[in-house]
Each structure stands twice: as C-alpha cells, then as structure tokens.
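Structure first, commentary second.
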Amino acid sequence: MYTLKGEFYFPDVSMANTDGLLAIGGDLDPERLKLAYSRGIFPWFEDDKVIMWWSPDPRMVLFPEEIKISKSMQKVLKSAQFRVTQNVAFEQVVSFCASVNRVDQEGTWITEGMKTAFASLYYQGLAKSFEVWREDELVGGLYGVQTGKVFSGESMFSLESNASKVALISLAQYAAANGISLIDCQLHTNHLQSMGAREIPRAEFISFL
C-alpha cells in the first residue's frame with residue numbers, strides 16, 4: 001500500500017489490494033482530487049481515519065442507456081409530483097448526503113473536509129448536483145464529478161420515497177443527451193443494481209477515462 005506525501009502522485013491502479021485500496025495519506029486539494037478521478041481513483045474514509053484512496057476491481061457502473069425504469073417509477077415521473085433541477089443547491093445536496101441514511105450504507109464518509117473539497121470542484125464547474133424538489137422543499141438528490149465522458153457519482157439521498165431514484169434517472173437521461181458514456185457508481189449496492197448498474201472489470205472502466 002502506497003503512502004502519499006506532498007506531491008500530486010498516485011501509483012498505478014494495478015497496485016491496489018484485493019479490496020481496491022490503493023494508497024493512504026495526502027490531502028483533499030482540488031488538484032489532487034482531479035488527478036485521482038482522471039485515473040479512476042476516489043477518496044473514501046471516516047472522520048477519524050487517515051485519507052484512503054480506492055480503485056476497486058470490478059467497478060460498479062451504470063451505462064445511461066441501461067437505466068431501469070419500472071412501471072411504478074414511470075407513473076411517478078408522469079405524475080410530475082417532483083421537480084428536478086441541476087446545480088442550484090449543490091452544497092445543500094452534499095450536506096443532506098452526509099446526514100441522511102442511505103440504502104446499503106452505514107454512517108457517512110462525507111467529512112467537513114470532503115464538503116469543502118467538493119464545493120471547490122463545484123465552483124470550478126467539475127462537480128455537479130441533481131436536485132429533486134416537492135414544490136419548494138428539497139427532498140432528494142445526488143452529486144458527483146464529471147471527468148470527460150465519465151460522471152463519477154459520489155452520493156445520493158432521499159427524504160421521500162422514490163426521490164433518489166428520480167435523481168438517478170434524471171442523471172442518466174442527462175448523460176445520454178450530453179455525451180456522457182458512463183456513470184461511475186464505484187461500489188456495488190443492491191439499490192444501484194436494481195436501477196440497472198452492473199460490475200465491469202477495472203481495466204474496462206479505466207478505458208473510458
């Protein structure tokens with residue numbers, strides 16, 4: 001396992017262990033984050049732990065054209081009970097993702113440092129959010145980082161049933177219409193699998209970058 005120091009450097013992803021852990025240490029400088037995402041690497045750690053950098057094999061991804069929309073979700077979308085926006089409440093979305101329990105996850109890895117780092121990427125136009133509203137109340141959303149034709153989804157939240165699904169469907173539709181080839185879901189969850197995500201070899205994922 002490689003220990004990062006001050007330089008903006010990552011070892012080849014083939015050096016990751018069987019769990020996908022590639023390196024530890026370093027910082028959350030926006031330039032380091034941009035380098036990481038361009039190499040298929042992402043940070044994931046807990047508040048009281050050292051920064052950990054991951055590149056799992058296989059990789060959980062969603063091809064936009066493979067998004068699964070059930071009949072019940074089609075009814076939800078047609079009902080217009082939700083309104084979807086892009087990039088109008090990024091920091092609110094990140095804060096909700098940090099505080100709201102998510103399917104298949106325990107606790108949160110979105111530290112205050114992570115919030116600051118991703119806000120910096122957002123103001124540089126690299127991080128994006130999709131917000132789901134019921135009238136004027138934010139009830140769901142997701143955020144992530146776009147690197148070329150890959151959108152790396154970082155986290156999503158839902159305060160109402162189906163709100164996070166609406167956000168993911170909106171992202172997939174946006175991706176399909178704007179030349180984004182792949183949505184990086186990073187790690188397997190049953191929720192993502194039910195929406196059409198699947199695992200592919202890391203080498204295939206890297207080729208999209």
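Starting from 1 in every chain, residues are counted up; chains themselves are A, B, ... following the order of the structure tokens, and ligands are numbered from 1 as listed.
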Within 7 Å of Pro56 in chain A using only C-alpha atoms, minus same-chain residues under 4 positions, as a compact mmCIF listing (two decimals) with N, CA and C atoms, in the first residue's frame:
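Once written, around_18.txt looks like this:
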# COMPACT_ATOMS: atom_id res chain seq x y z
N ASP A 19 -9.23 -5.47 -2.00
CA ASP A 19 -10.42 -4.68 -1.66
C ASP A 19 -10.50 -3.40 -2.47
N GLY A 20 -9.43 -3.09 -3.21
CA GLY A 20 -9.43 -1.87 -4.01
C GLY A 20 -8.68 -0.72 -3.39
N ARG A 202 -12.06 -3.47 -13.91
CA ARG A 202 -11.47 -2.14 -13.72
C ARG A 202 -10.79 -1.65 -15.00
Can you build me a table of range 101-190 of chain A residues sitting at most 12 Å from range 58-72 of chain A, with the closest atom pair per residue and its distance in Å to one decimal, using only C-alpha atoms, sorted by chain and residue number, as a tab-separated table?
residue	atom	partner	partner_atom	distance
A:Lys149	CA	A:Phe63	CA	11.3
A:Val150	CA	A:Phe63	CA	9.9
A:Phe151	CA	A:Leu62	CA	9.8
A:Ser152	CA	A:Val61	CA	9.1
A:Gly153	CA	A:Val61	CA	9.5
A:Ser161	CA	A:Ser72	CA	11.8
A:Asn162	CA	A:Ser72	CA	9.8
A:Lys165	CA	A:Ile69	CA	9.0
A:Val166	CA	A:Ile69	CA	9.5
A:Ala167	CA	A:Ile67	CA	11.9
A:Leu168	CA	A:Ile67	CA	8.7
A:Ile169	CA	A:Ile67	CA	7.0
A:Ser170	CA	A:Pro64	CA	10.0
A:Leu171	CA	A:Pro64	CA	8.2
A:Ala172	CA	A:Pro64	CA	4.6
A:Gln173	CA	A:Pro64	CA	6.8
A:Tyr174	CA	A:Pro64	CA	8.6
A:Ala175	CA	A:Pro64	CA	6.3
A:Ala176	CA	A:Pro64	CA	5.6
A:Ala177	CA	A:Pro64	CA	9.3
A:Asn178	CA	A:Pro64	CA	10.6
A:Gly179	CA	A:Pro64	CA	9.9
A:Ile180	CA	A:Pro64	CA	7.9
A:Ser181	CA	A:Phe63	CA	6.6
A:Leu182	CA	A:Phe63	CA	5.0
A:Ile183	CA	A:Leu62	CA	5.0
A:Asp184	CA	A:Val61	CA	4.6
A:Cys185	CA	A:Val61	CA	4.9
A:Gln186	CA	A:Met60	CA	5.0
A:Leu187	CA	A:Met60	CA	5.2
A:His188	CA	A:Met60	CA	5.5
A:Thr189	CA	A:Met60	CA	8.6
A:Asn190	CA	A:Met60	CA	11.0
When DSSP works through the backbone of this structure, what residues of range 8-72 of chain A end up as alpha helix (DSSP H), shown as an NGL selection string? :A and (30-38 or 71-72)
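Near Met1 in chain A, within 12 Å and counting only C-alpha atoms, sit Phe10, Pro11, Asp12, Val13, Ser14, Met15, Ala16, Asn17, Thr18, Asp19, Gly20, Leu21, Leu22, Ala23, Ile24, Gly25, Met52, Trp53 and Trp54 of chain A; same-chain residues fewer than 5 positions away were not included.
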What would the file look like if the residues just selected were written as a short mmCIF file (atom, residue, chain, number, x, y, z; two decimals), in the first residue's frame with N, CA and C atoms?
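Full text of selection-v5.cif as output:
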data_model
loop_
_atom_site.label_atom_id
_atom_site.label_comp_id
_atom_site.auth_asym_id
_atom_site.auth_seq_id
_atom_site.Cartn_x
_atom_site.Cartn_y
_atom_site.Cartn_z
N PHE A 10 -0.15 9.38 -7.83
CA PHE A 10 -0.79 8.14 -7.42
C PHE A 10 -0.09 6.98 -8.14
N PRO A 11 0.10 5.86 -7.45
CA PRO A 11 0.66 4.70 -8.13
C PRO A 11 -0.35 4.14 -9.12
N ASP A 12 0.11 3.25 -9.99
CA ASP A 12 -0.79 2.62 -10.95
C ASP A 12 -1.87 1.85 -10.20
N VAL A 13 -3.09 1.89 -10.73
CA VAL A 13 -4.22 1.26 -10.03
C VAL A 13 -4.04 -0.25 -9.87
N SER A 14 -3.17 -0.85 -10.67
CA SER A 14 -2.93 -2.29 -10.56
C SER A 14 -2.29 -2.64 -9.22
N MET A 15 -1.78 -1.63 -8.51
CA MET A 15 -1.15 -1.86 -7.21
C MET A 15 -2.16 -1.91 -6.07
N ALA A 16 -3.44 -1.67 -6.35
CA ALA A 16 -4.47 -1.72 -5.30
C ALA A 16 -4.58 -3.14 -4.75
N ASN A 17 -4.94 -3.26 -3.48
CA ASN A 17 -5.11 -4.59 -2.90
C ASN A 17 -6.45 -5.19 -3.35
N THR A 18 -6.77 -6.36 -2.86
CA THR A 18 -7.97 -7.07 -3.34
C THR A 18 -9.26 -6.33 -3.01
N ASP A 19 -9.23 -5.47 -2.00
CA ASP A 19 -10.42 -4.68 -1.66
C ASP A 19 -10.50 -3.40 -2.47
N GLY A 20 -9.43 -3.09 -3.21
CA GLY A 20 -9.43 -1.87 -4.01
C GLY A 20 -8.68 -0.72 -3.39
N LEU A 21 -8.11 -0.91 -2.19
CA LEU A 21 -7.37 0.17 -1.53
C LEU A 21 -6.02 0.34 -2.21
N LEU A 22 -5.76 1.54 -2.69
CA LEU A 22 -4.56 1.82 -3.46
C LEU A 22 -3.51 2.58 -2.66
N ALA A 23 -3.94 3.59 -1.90
CA ALA A 23 -2.98 4.45 -1.20
C ALA A 23 -3.66 5.09 0.00
N ILE A 24 -2.84 5.59 0.91
CA ILE A 24 -3.34 6.33 2.07
C ILE A 24 -2.56 7.62 2.19
N GLY A 25 -3.15 8.58 2.90
CA GLY A 25 -2.45 9.84 3.16
C GLY A 25 -2.78 10.91 2.14
N MET A 52 -8.06 7.63 2.64
CA MET A 52 -7.83 6.40 1.90
C MET A 52 -8.29 6.59 0.46
N TRP A 53 -7.52 6.07 -0.49
CA TRP A 53 -7.79 6.22 -1.92
C TRP A 53 -8.03 4.85 -2.54
N TRP A 54 -9.11 4.72 -3.31
CA TRP A 54 -9.58 3.42 -3.76
C TRP A 54 -9.72 3.35 -5.28
#
Excluding range 139-148 of chain A and any residue of its chain fewer than 4 positions from it, enumerate the residues within 6 Å of it, using only C-alpha atoms, and give them as a PyMOL selection string. chain A and resi 126-133+152-159+163-164+167
Write the residues of the selection above to a file with N, CA and C atoms, as a tab-separated table (two decimals), in the first residue's frame.
chain	number	residue	atom	x	y	z
A	126	LEU	N	-16.60	21.40	-12.19
A	126	LEU	CA	-16.30	19.98	-12.36
A	126	LEU	C	-17.24	19.07	-11.59
A	127	ALA	N	-17.73	19.52	-10.45
A	127	ALA	CA	-18.70	18.75	-9.68
A	127	ALA	C	-20.10	19.26	-10.00
A	128	LYS	N	-21.06	18.35	-10.01
A	128	LYS	CA	-22.43	18.70	-10.38
A	128	LYS	C	-23.41	18.05	-9.41
A	129	SER	N	-24.57	18.66	-9.32
A	129	SER	CA	-25.63	18.09	-8.48
A	129	SER	C	-26.95	18.06	-9.23
A	130	PHE	N	-27.76	17.10	-8.88
A	130	PHE	CA	-29.13	17.00	-9.37
A	130	PHE	C	-30.03	17.04	-8.15
A	131	GLU	N	-30.96	18.00	-8.16
A	131	GLU	CA	-31.84	18.20	-7.01
A	131	GLU	C	-33.27	17.81	-7.34
A	132	VAL	N	-33.92	17.18	-6.39
A	132	VAL	CA	-35.31	16.77	-6.56
A	132	VAL	C	-36.15	17.52	-5.52
A	133	TRP	N	-37.17	18.21	-6.00
A	133	TRP	CA	-37.99	19.06	-5.15
A	133	TRP	C	-39.44	18.62	-5.16
A	152	SER	N	-18.69	10.51	-12.21
A	152	SER	CA	-18.47	9.71	-11.00
A	152	SER	C	-19.47	10.12	-9.93
A	153	GLY	N	-20.49	9.31	-9.74
A	153	GLY	CA	-21.48	9.60	-8.72
A	153	GLY	C	-20.90	9.37	-7.34
A	154	GLU	N	-21.02	10.36	-6.47
A	154	GLU	CA	-20.43	10.26	-5.14
A	154	GLU	C	-21.43	9.81	-4.09
A	155	SER	N	-22.59	10.40	-4.07
A	155	SER	CA	-23.57	10.02	-3.05
A	155	SER	C	-24.94	10.54	-3.45
A	156	MET	N	-25.98	9.95	-2.88
A	156	MET	CA	-27.35	10.41	-3.11
A	156	MET	C	-28.13	10.33	-1.81
A	157	PHE	N	-29.23	11.06	-1.76
A	157	PHE	CA	-30.08	11.00	-0.56
A	157	PHE	C	-31.53	11.08	-0.97
A	158	SER	N	-32.39	10.69	-0.05
A	158	SER	CA	-33.82	10.74	-0.31
A	158	SER	C	-34.56	10.98	1.00
A	159	LEU	N	-35.40	12.00	1.03
A	159	LEU	CA	-36.26	12.27	2.18
A	159	LEU	C	-37.67	11.75	1.95
A	163	ALA	N	-37.47	9.60	-4.37
A	163	ALA	CA	-36.81	10.85	-4.74
A	163	ALA	C	-35.39	10.61	-5.27
A	164	SER	N	-34.64	9.71	-4.64
A	164	SER	CA	-33.28	9.46	-5.13
A	164	SER	C	-33.32	8.73	-6.46
A	167	ALA	N	-33.68	11.27	-9.08
A	167	ALA	CA	-32.40	11.95	-9.31
A	167	ALA	C	-31.50	11.11	-10.22
Close residues, Ser207 in chain A itself excluded, 10 Å, only C-alpha atoms, min 4 positions apart in chain, as a ChimeraX atom specification: /A:39-40,202-203
If you keep C-alpha atoms, can you produce a file of those selected residues as a tab-separated table (two decimals), in the first residue's frame?
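Okay, selection-v5.tsv is ready:
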chain	number	residue	atom	x	y	z
A	39	ARG	CA	-7.06	7.91	-13.03
A	40	GLY	CA	-10.18	6.11	-11.77
A	202	ARG	CA	-11.47	-2.14	-13.72
A	203	ALA	CA	-9.40	-2.14	-16.92
Do you have the CA of Cys97 in chain A-CA of Thr116 in chain A distance handy? 13.9 Å
Near Met114 in chain A, within 10 Å and counting only C-alpha atoms, which residues show up once chain neighbours fewer than 5 positions away are dropped, as a PyMOL selection string? chain A and resi 28-29+43-45+47+94+98+109+119-120
